[in-house]
Structure formats: C-alpha cells, structure tokens
>>> print(open('my_file.cif').read())   # mmCIF, C-alpha atoms and all ligand atoms
data_structure
loop_
_atom_site.group_PDB
_atom_site.id
_atom_site.type_symbol
_atom_site.label_atom_id
_atom_site.label_comp_id
_atom_site.auth_asym_id
_atom_site.auth_seq_id
_atom_site.Cartn_x
_atom_site.Cartn_y
_atom_site.Cartn_z
ATOM 1 C CA PHE U 1 -9.031 54.936 -20.664
ATOM 2 C CA GLN U 2 -10.142 58.088 -22.423
ATOM 3 C CA HIS U 3 -9.495 61.468 -20.885
ATOM 4 C CA VAL U 4 -12.851 63.241 -20.703
ATOM 5 C CA GLU U 5 -11.122 66.670 -20.673
ATOM 6 C CA ALA U 6 -9.787 66.051 -24.181
ATOM 7 C CA ASP U 7 -13.260 66.607 -25.680
ATOM 8 C CA LEU U 8 -13.505 70.182 -24.360
ATOM 9 C CA ALA U 9 -13.097 73.098 -26.781
ATOM 10 C CA LYS U 10 -12.701 75.430 -23.808
ATOM 11 C CA THR U 11 -13.459 75.723 -20.110
ATOM 12 C CA LEU U 12 -16.094 78.351 -19.280
ATOM 13 C CA ILE U 13 -16.203 78.046 -15.497
ATOM 14 C CA THR U 14 -13.629 76.315 -13.335
ATOM 15 C CA GLU U 15 -14.289 74.061 -10.364
ATOM 16 C CA GLU U 16 -12.936 76.792 -8.054
ATOM 17 C CA GLU U 17 -15.269 79.420 -9.529
ATOM 18 C CA LEU U 18 -18.255 77.104 -9.114
ATOM 19 C CA HIS U 19 -17.455 76.458 -5.472
ATOM 20 C CA ALA U 20 -16.854 80.130 -4.702
ATOM 21 C CA LYS U 21 -20.209 80.987 -6.249
ATOM 22 C CA LEU U 22 -21.968 78.280 -4.246
ATOM 23 C CA GLN U 23 -20.590 79.740 -1.022
ATOM 24 C CA GLU U 24 -22.029 83.124 -2.033
ATOM 25 C CA LEU U 25 -25.422 81.631 -2.859
ATOM 26 C CA ALA U 26 -25.432 79.592 0.353
ATOM 27 C CA ARG U 27 -24.919 82.713 2.492
ATOM 28 C CA GLN U 28 -27.861 84.430 0.742
ATOM 29 C CA ILE U 29 -30.055 81.351 1.181
ATOM 30 C CA GLU U 30 -29.146 81.089 4.894
ATOM 31 C CA THR U 31 -30.188 84.708 5.389
ATOM 32 C CA ASP U 32 -33.382 84.507 3.338
ATOM 33 C CA TYR U 33 -34.627 81.298 4.993
ATOM 34 C CA GLU U 34 -33.604 82.113 8.564
ATOM 35 C CA GLY U 35 -36.117 80.593 10.977
ATOM 36 C CA LYS U 36 -37.880 78.675 8.201
ATOM 37 C CA ASP U 37 -37.806 75.061 7.120
ATOM 38 C CA LEU U 38 -36.092 74.386 3.802
ATOM 39 C CA LEU U 39 -36.669 71.553 1.362
ATOM 40 C CA LEU U 40 -34.220 71.369 -1.518
ATOM 41 C CA VAL U 41 -35.720 69.703 -4.576
ATOM 42 C CA GLY U 42 -33.099 68.514 -7.030
ATOM 43 C CA VAL U 43 -33.972 67.849 -10.639
ATOM 44 C CA LEU U 44 -32.374 64.619 -11.772
ATOM 45 C CA ARG U 45 -30.038 64.016 -13.303
ATOM 46 C CA GLY U 46 -28.294 67.277 -14.112
ATOM 47 C CA ALA U 47 -28.685 68.863 -10.684
ATOM 48 C CA VAL U 48 -26.902 66.113 -8.756
ATOM 49 C CA MET U 49 -23.574 67.965 -8.523
ATOM 50 C CA VAL U 50 -25.099 71.357 -7.640
ATOM 51 C CA MET U 51 -27.311 69.710 -5.030
ATOM 52 C CA ALA U 52 -24.429 67.839 -3.421
ATOM 53 C CA ASP U 53 -22.252 70.940 -3.220
ATOM 54 C CA LEU U 54 -24.990 73.443 -2.298
ATOM 55 C CA ALA U 55 -26.312 71.177 0.471
ATOM 56 C CA ARG U 56 -22.837 70.949 1.991
ATOM 57 C CA ALA U 57 -22.268 74.700 1.627
ATOM 58 C CA LEU U 58 -25.370 75.408 3.731
ATOM 59 C CA ASN U 59 -24.657 75.626 7.474
ATOM 60 C CA ARG U 60 -28.190 74.799 8.523
ATOM 61 C CA HIS U 61 -30.752 72.006 8.528
ATOM 62 C CA ILE U 62 -32.158 71.115 5.147
ATOM 63 C CA GLU U 63 -34.037 68.239 3.608
ATOM 64 C CA MET U 64 -33.427 66.912 0.125
ATOM 65 C CA ASP U 65 -35.860 65.351 -2.271
ATOM 66 C CA TRP U 66 -35.565 64.523 -5.951
ATOM 67 C CA MET U 67 -37.637 64.660 -9.058
ATOM 68 C CA ALA U 68 -36.766 63.355 -12.462
ATOM 69 C CA VAL U 69 -38.201 65.195 -15.416
ATOM 70 C CA SER U 70 -36.974 65.135 -18.944
ATOM 71 C CA SER U 71 -37.369 67.527 -21.819
ATOM 72 C CA TYR U 72 -34.252 66.805 -23.838
ATOM 73 C CA GLY U 73 -33.798 63.095 -24.433
ATOM 74 C CA SER U 74 -30.341 62.534 -25.836
ATOM 75 C CA GLY U 75 -30.383 65.456 -28.259
ATOM 76 C CA THR U 76 -28.962 68.945 -27.855
ATOM 77 C CA VAL U 77 -32.170 70.940 -28.459
ATOM 78 C CA SER U 78 -35.091 71.343 -26.039
ATOM 79 C CA SER U 79 -38.310 69.715 -27.190
ATOM 80 C CA GLY U 80 -40.473 71.594 -24.691
ATOM 81 C CA VAL U 81 -42.157 68.358 -23.673
ATOM 82 C CA VAL U 82 -41.831 67.794 -19.918
ATOM 83 C CA ARG U 83 -42.329 64.282 -18.560
ATOM 84 C CA ILE U 84 -42.254 63.253 -14.884
ATOM 85 C CA LEU U 85 -39.983 60.213 -14.706
ATOM 86 C CA LYS U 86 -39.809 60.136 -10.907
ATOM 87 C CA ASP U 87 -41.990 62.138 -8.545
ATOM 88 C CA LEU U 88 -41.153 63.557 -5.096
ATOM 89 C CA ASP U 89 -41.547 61.426 -1.981
ATOM 90 C CA SER U 90 -42.356 64.467 0.218
ATOM 91 C CA ASP U 91 -45.679 66.143 0.894
ATOM 92 C CA LEU U 92 -45.163 69.798 -0.042
ATOM 93 C CA SER U 93 -48.010 71.370 1.920
ATOM 94 C CA GLY U 94 -46.689 74.274 3.968
ATOM 95 C CA ARG U 95 -43.079 73.614 2.936
ATOM 96 C CA ASN U 96 -40.545 76.152 1.701
ATOM 97 C CA VAL U 97 -39.292 74.560 -1.485
ATOM 98 C CA LEU U 98 -36.111 75.548 -3.259
ATOM 99 C CA ILE U 99 -35.755 73.904 -6.662
ATOM 100 C CA VAL U 100 -32.109 73.176 -7.419
ATOM 101 C CA GLU U 101 -31.077 73.050 -11.075
ATOM 102 C CA ASP U 102 -27.901 72.948 -13.104
ATOM 103 C CA ILE U 103 -29.147 75.096 -15.983
ATOM 104 C CA ILE U 104 -32.069 77.099 -17.290
ATOM 105 C CA ASP U 105 -31.953 76.995 -21.052
ATOM 106 C CA SER U 106 -35.329 77.647 -22.722
ATOM 107 C CA GLY U 107 -36.912 77.891 -19.256
ATOM 108 C CA LEU U 108 -39.628 75.399 -20.245
ATOM 109 C CA THR U 109 -38.679 72.759 -17.674
ATOM 110 C CA LEU U 110 -38.507 75.169 -14.745
ATOM 111 C CA SER U 111 -41.577 77.213 -15.549
ATOM 112 C CA TRP U 112 -43.585 74.001 -15.776
ATOM 113 C CA LEU U 113 -42.014 72.530 -12.645
ATOM 114 C CA ARG U 114 -42.558 75.617 -10.529
ATOM 115 C CA GLY U 115 -46.255 75.665 -11.442
ATOM 116 C CA ASN U 116 -46.517 71.978 -10.687
ATOM 117 C CA LEU U 117 -44.926 72.293 -7.221
ATOM 118 C CA GLU U 118 -46.899 75.436 -6.352
ATOM 119 C CA SER U 119 -50.131 73.591 -7.082
ATOM 120 C CA ARG U 120 -49.239 71.066 -4.328
ATOM 121 C CA GLY U 121 -49.691 73.662 -1.587
ATOM 122 C CA ALA U 122 -46.098 74.662 -0.837
ATOM 123 C CA ALA U 123 -45.680 77.787 1.319
ATOM 124 C CA SER U 124 -43.087 79.042 -1.177
ATOM 125 C CA VAL U 125 -41.359 77.789 -4.296
ATOM 126 C CA GLU U 126 -38.123 79.440 -5.408
ATOM 127 C CA ILE U 127 -35.414 78.474 -7.885
ATOM 128 C CA CYS U 128 -31.659 78.143 -7.530
ATOM 129 C CA THR U 129 -29.763 77.421 -10.741
ATOM 130 C CA MET U 130 -26.043 77.330 -11.347
ATOM 131 C CA LEU U 131 -26.355 78.469 -14.970
ATOM 132 C CA ARG U 132 -28.784 80.446 -17.091
ATOM 133 C CA LYS U 133 -28.708 81.242 -20.816
ATOM 134 C CA PRO U 134 -30.493 84.582 -21.218
ATOM 135 C CA ASP U 135 -30.371 84.355 -25.045
ATOM 136 C CA ALA U 136 -32.077 80.948 -25.129
ATOM 137 C CA LEU U 137 -35.068 81.773 -22.888
ATOM 138 C CA LYS U 138 -38.459 81.038 -24.430
ATOM 139 C CA VAL U 139 -40.482 81.749 -21.279
ATOM 140 C CA GLU U 140 -39.761 84.147 -18.420
ATOM 141 C CA VAL U 141 -38.680 82.343 -15.260
ATOM 142 C CA ASP U 142 -38.311 84.235 -11.999
ATOM 143 C CA VAL U 143 -35.022 82.925 -10.571
ATOM 144 C CA LYS U 144 -34.089 83.924 -7.037
ATOM 145 C CA TYR U 145 -30.576 82.449 -7.009
ATOM 146 C CA CYS U 146 -28.476 82.225 -10.176
ATOM 147 C CA GLY U 147 -24.795 81.351 -10.345
ATOM 148 C CA PHE U 148 -23.771 82.492 -13.810
ATOM 149 C CA ASP U 149 -25.378 83.854 -16.969
ATOM 150 C CA ILE U 150 -23.640 82.217 -19.906
ATOM 151 C CA PRO U 151 -23.709 82.572 -23.712
ATOM 152 C CA ASN U 152 -26.003 80.394 -25.805
ATOM 153 C CA GLU U 153 -23.534 77.561 -26.403
ATOM 154 C CA PHE U 154 -23.903 73.861 -25.661
ATOM 155 C CA VAL U 155 -22.170 73.361 -22.331
ATOM 156 C CA ILE U 156 -21.205 70.211 -20.475
ATOM 157 C CA GLY U 157 -19.794 69.223 -17.106
ATOM 158 C CA TYR U 158 -20.772 69.614 -13.457
ATOM 159 C CA GLY U 159 -23.892 67.534 -14.058
ATOM 160 C CA LEU U 160 -24.569 68.732 -17.601
ATOM 161 C CA ASP U 161 -24.443 66.002 -20.206
ATOM 162 C CA TYR U 162 -24.086 65.403 -23.888
ATOM 163 C CA ALA U 163 -25.755 62.047 -24.643
ATOM 164 C CA GLU U 164 -25.425 61.181 -20.923
ATOM 165 C CA GLN U 165 -21.673 61.672 -20.850
ATOM 166 C CA TYR U 166 -19.448 64.445 -19.417
ATOM 167 C CA ARG U 167 -21.551 64.950 -16.269
ATOM 168 C CA ASN U 168 -18.477 64.104 -14.181
ATOM 169 C CA LEU U 169 -16.301 66.927 -15.517
ATOM 170 C CA ARG U 170 -15.471 69.078 -12.513
ATOM 171 C CA GLY U 171 -15.753 72.403 -14.330
ATOM 172 C CA ILE U 172 -18.133 73.593 -17.039
ATOM 173 C CA GLY U 173 -16.985 73.792 -20.631
ATOM 174 C CA VAL U 174 -17.934 73.852 -24.274
ATOM 175 C CA LEU U 175 -17.868 70.568 -26.167
ATOM 176 C CA ALA U 176 -15.377 70.382 -29.035
ATOM 177 C CA PRO U 177 -17.202 70.187 -32.397
ATOM 178 C CA HIS U 178 -15.311 67.009 -33.407
ATOM 179 C CA VAL U 179 -17.362 65.120 -30.791
ATOM 180 C CA TYR U 180 -20.760 65.650 -32.437
ATOM 181 C CA GLU U 181 -19.897 66.456 -36.047
HETATM 182 C C1 LIG R 201 -31.530 69.778 -18.858
HETATM 183 C C2 LIG R 201 -31.074 70.606 -17.682
HETATM 184 C C3 LIG R 201 -32.347 71.240 -17.186
HETATM 185 C C4 LIG R 201 -33.148 71.432 -18.454
HETATM 186 C C5 LIG R 201 -33.081 72.864 -18.894
HETATM 187 O O1 LIG R 201 -32.040 68.563 -18.362
HETATM 188 O O2 LIG R 201 -30.484 69.796 -16.693
HETATM 189 O O3 LIG R 201 -33.024 70.360 -16.324
HETATM 190 O O4 LIG R 201 -32.556 70.574 -19.452
HETATM 191 O O5 LIG R 201 -33.679 73.042 -20.144
HETATM 192 P P1 LIG R 201 -34.874 74.037 -20.453
HETATM 193 O O6 LIG R 201 -34.668 75.304 -19.666
HETATM 194 O O7 LIG R 201 -34.752 74.287 -21.933
HETATM 195 O O8 LIG R 201 -36.144 73.365 -20.124
HETATM 196 P P2 LIG R 201 -32.299 67.313 -19.317
HETATM 197 O O9 LIG R 201 -33.719 67.339 -19.757
HETATM 198 O O10 LIG R 201 -31.242 67.274 -20.362
HETATM 199 O O11 LIG R 201 -32.158 66.074 -18.359
HETATM 200 P P3 LIG R 201 -30.870 65.715 -17.454
HETATM 201 O O12 LIG R 201 -30.868 66.683 -16.313
HETATM 202 O O13 LIG R 201 -31.113 64.313 -17.009
HETATM 203 O O14 LIG R 201 -29.649 65.857 -18.327
HETATM 204 MN MN MN R 202 -31.930 68.450 -16.048
HETATM 205 MG MG MG R 203 -29.487 66.513 -20.257
#
>>> encode(input="my_file.cif", output="structure tokens")
Amino acid sequence: FQHVEADLAKTLITEEELHAKLQELARQIETDYEGKDLLLVGVLRGAVMVMADLARALNRHIEMDWMAVSSYGSGTVSSGVVRILKDLDSDLSGRNVLIVEDIIDSGLTLSWLRGNLESRGAASVEICTMLRKPDALKVEVDVKYCGFDIPNEFVIGYGLDYAEQYRNLRGIGVLAPHVYE
C-alpha cells in the first residue's frame, strides 16, 4: 500500500497540537454555554474529524447534526458557489447552534451557512473552526472559536482533502508539489 505521509512537503500542525487546542476550545465552550442547550452542526465532509474530537472533548451534553455543502468540487480553488447536498434533520428554532468546521478559507461557505441557519430561528449561531487563513478571506466572518491561523497554502489532513484523499492524515500538512504538478 502507499504511505499517505509520503506526499507531505511538511507538517504544519501535529496530532498532539490539534488535540491540545481542542481541549482549550472545549473548556471555553463549556463555560460559554453553561446552562444552555448545545447543538453542534458539522459541515460534511471536512469537519468529521474536528466534530468527533471536539464532541468527545466536551464534558457536557451535546447533540450533533450534519449538513453537507460544497463550494470546492475536486479543485483547489474556491468557486464561491454554495450548494446544499444534505440538509439538517433538526429543527433549529430556539436552539444554540455551534457550527463546526475544519477550515475557513475565503469565508464564503461559512458566511452563507451562518445566514442560512440564523434564518431558521436559532437562538444563537456561532462558529468553531480548527483552521483559518486570514490572507485568503474574501468576506468577514465572525468566528468565536478558532484553533489556528495558518498561511495561505493548500493544506491537507485531519478532514481536509485534496481530490477527496488525505482526509485521514492525523496531523495537518502541506501537500508536496509533485502530487499535483
Ligand atoms: C472546504 C472546507 C470548508 C470550506 C472552506 O470544504 O472543508 O468547508 O471548503 O472554504 P471557504 O471558506 O473558501 O468557503 P469543501 O467544499 O472542500 O468540501 P469538503 O468539506 O467535503 O472537503
Ligand atoms: Mn468542508
Ligand atoms: Mg474539500
């Protein structure tokens, strides 16, 4: 079989650093939502790893629901077109919603999604993302919980894909140019 790690030019964030950061974020979330219900909304497919680890880092009751939206297709550049591929099963009225994402790149997906969920009558809609690329932002997105700000490079791993592969890398890294050149 092929070793997936061999296609990495470098590792940006290790598995240990990701998990330490999630513990930090989980403590903040526990404090901020004390006495309130909490519905985590994961954005398929990239957010699967963050969702699984954040949910288990939280020492409180939560619910999980999932949405699938796509703005990238199989390319490396955001098209800005957001499509709902799978909608939520939950009614959001009166709920405290925390959107869980792997990365905010241009911000187009999240700014659209937040507006969409707010319009369904949620009591609150906040965002938790593991990564954000400040230099790639095209629209301002108010993010309450952010793991790491990273440079504007194409990153893979921990849910992030290149042509649907590399999501199962345990850390986050930069793809070696030989893979896509
Ligand atoms: C990626 C990523 C975010 C979004 C961020 O998802 O997981 O959801 O793009 O980009 P933006 O800030 O420029 O809108 P993608 O559309 O690749 O789908 P995936 O999660 O299934 O990989
Ligand atoms: Mn995604
Ligand atoms: Mg993707």
>>> atom_distance(input="my_file.cif", atom1="atom CA of Leu38 of chain U", atom2="atom CA of Arg56 of chain U")
13.8 Å
>>> resolve_selection(input="my_file.cif", expression="the PyMOL selection byres (((chain U and resi 98-102) around 9) and not hetatm)", output="VMD selection string")
chain U and resid 38 to 44 46 to 51 54 96 to 97 103 to 104 110 113 to 114 124 to 132 158 to 160
>>> atom_distance(input="my_file.cif", atom1="atom CA of Asn152 of chain U", atom2="atom CA of Ile13 of chain U")
14.4 Å
>>> closest_residue(input="my_file.cif", among="U:Lys36, U:Lys144, U:Lys133, U:Arg170", to="ligand LIG 201 (chain R)", atoms="all atoms listed in the file")
U:Lys133
>>> atom_distance(input="my_file.cif", atom1="atom CA of Asn168 of chain U", atom2="atom C5 of ligand LIG 201 (chain R)")
17.7 Å
>>> resolve_selection(input="my_file.cif", expression="the PyMOL selection byres (((chain U and resi 28) around 12) and not hetatm)", output="PyMOL selection string")
chain U and resi 21-27+29-34+54+57-59+128+144-147
>>> resolve_selection(input="my_file.cif", expression="the PyMOL selection byres (((chain U and resi 6) around 12) and not hetatm)", output="PyMOL selection string")
chain U and resi 1-5+7-11+166+169+173-179
>>> residues_around(input="my_file.cif", residues="Leu137 of chain U", least_positions_apart="2", cutoff="8 Å", atoms="all atoms listed in the file", output="CSV table (one decimal) with C-alpha atoms, in the frame of the given file")
chain,number,residue,atom,x,y,z
U,104,ILE,CA,-32.1,77.1,-17.3
U,105,ASP,CA,-32.0,77.0,-21.1
U,106,SER,CA,-35.3,77.6,-22.7
U,107,GLY,CA,-36.9,77.9,-19.3
U,133,LYS,CA,-28.7,81.2,-20.8
U,134,PRO,CA,-30.5,84.6,-21.2
U,135,ASP,CA,-30.4,84.4,-25.0
U,139,VAL,CA,-40.5,81.7,-21.3
U,140,GLU,CA,-39.8,84.1,-18.4
>>> closest_residue(input="my_file.cif", among="U:Leu92, U:Ile172, U:Ile156, U:Leu12", to="Gly121 of chain U", atoms="only C-alpha atoms")
U:Leu92
>>> closest_residue(input="my_file.cif", among="U:Asn116, U:Met64, U:Glu181, U:Val82", to="ligand MN 202 (chain R)", atoms="all atoms listed in the file")
U:Val82
>>> build_atoms(input="my_file.cif", residues="segment 95-110 of chain U", atoms="N, CA and C atoms", output="PDB file, keeping the file's coordinate frame")
ATOM      1  N   ARG U  95     -44.553  73.655   2.984  1.00  0.00           N
ATOM      2  CA  ARG U  95     -43.079  73.614   2.936  1.00  0.00           C
ATOM      3  C   ARG U  95     -42.511  74.774   2.131  1.00  0.00           C
ATOM      4  N   ASN U  96     -41.291  75.191   2.516  1.00  0.00           N
ATOM      5  CA  ASN U  96     -40.545  76.152   1.701  1.00  0.00           C
ATOM      6  C   ASN U  96     -39.630  75.362   0.777  1.00  0.00           C
ATOM      7  N   VAL U  97     -39.973  75.390  -0.488  1.00  0.00           N
ATOM      8  CA  VAL U  97     -39.292  74.560  -1.485  1.00  0.00           C
ATOM      9  C   VAL U  97     -38.305  75.411  -2.287  1.00  0.00           C
ATOM     10  N   LEU U  98     -37.097  74.908  -2.387  1.00  0.00           N
ATOM     11  CA  LEU U  98     -36.111  75.548  -3.259  1.00  0.00           C
ATOM     12  C   LEU U  98     -35.706  74.529  -4.324  1.00  0.00           C
ATOM     13  N   ILE U  99     -36.110  74.794  -5.556  1.00  0.00           N
ATOM     14  CA  ILE U  99     -35.755  73.904  -6.662  1.00  0.00           C
ATOM     15  C   ILE U  99     -34.291  74.154  -7.024  1.00  0.00           C
ATOM     16  N   VAL U 100     -33.531  73.073  -7.105  1.00  0.00           N
ATOM     17  CA  VAL U 100     -32.109  73.176  -7.419  1.00  0.00           C
ATOM     18  C   VAL U 100     -31.867  72.617  -8.816  1.00  0.00           C
ATOM     19  N   GLU U 101     -31.306  73.446  -9.677  1.00  0.00           N
ATOM     20  CA  GLU U 101     -31.077  73.050 -11.075  1.00  0.00           C
ATOM     21  C   GLU U 101     -29.653  73.361 -11.512  1.00  0.00           C
ATOM     22  N   ASP U 102     -29.207  72.646 -12.514  1.00  0.00           N
ATOM     23  CA  ASP U 102     -27.901  72.948 -13.104  1.00  0.00           C
ATOM     24  C   ASP U 102     -28.012  74.089 -14.112  1.00  0.00           C
ATOM     25  N   ILE U 103     -29.074  74.082 -14.930  1.00  0.00           N
ATOM     26  CA  ILE U 103     -29.147  75.096 -15.983  1.00  0.00           C
ATOM     27  C   ILE U 103     -30.591  75.419 -16.360  1.00  0.00           C
ATOM     28  N   ILE U 104     -30.825  76.678 -16.648  1.00  0.00           N
ATOM     29  CA  ILE U 104     -32.069  77.099 -17.290  1.00  0.00           C
ATOM     30  C   ILE U 104     -31.713  77.507 -18.703  1.00  0.00           C
ATOM     31  N   ASP U 105     -32.275  76.789 -19.646  1.00  0.00           N
ATOM     32  CA  ASP U 105     -31.953  76.995 -21.052  1.00  0.00           C
ATOM     33  C   ASP U 105     -33.136  77.728 -21.689  1.00  0.00           C
ATOM     34  N   SER U 106     -34.114  76.995 -22.203  1.00  0.00           N
ATOM     35  CA  SER U 106     -35.329  77.647 -22.722  1.00  0.00           C
ATOM     36  C   SER U 106     -36.218  78.138 -21.579  1.00  0.00           C
ATOM     37  N   GLY U 107     -36.054  77.555 -20.401  1.00  0.00           N
ATOM     38  CA  GLY U 107     -36.912  77.891 -19.256  1.00  0.00           C
ATOM     39  C   GLY U 107     -38.172  77.034 -19.190  1.00  0.00           C
ATOM     40  N   LEU U 108     -38.387  76.184 -20.177  1.00  0.00           N
ATOM     41  CA  LEU U 108     -39.628  75.399 -20.245  1.00  0.00           C
ATOM     42  C   LEU U 108     -39.742  74.409 -19.088  1.00  0.00           C
ATOM     43  N   THR U 109     -38.642  73.737 -18.758  1.00  0.00           N
ATOM     44  CA  THR U 109     -38.679  72.759 -17.674  1.00  0.00           C
ATOM     45  C   THR U 109     -39.048  73.431 -16.346  1.00  0.00           C
ATOM     46  N   LEU U 110     -38.326  74.508 -16.038  1.00  0.00           N
ATOM     47  CA  LEU U 110     -38.507  75.169 -14.745  1.00  0.00           C
ATOM     48  C   LEU U 110     -39.837  75.880 -14.613  1.00  0.00           C
TER      49      LEU U 110
END
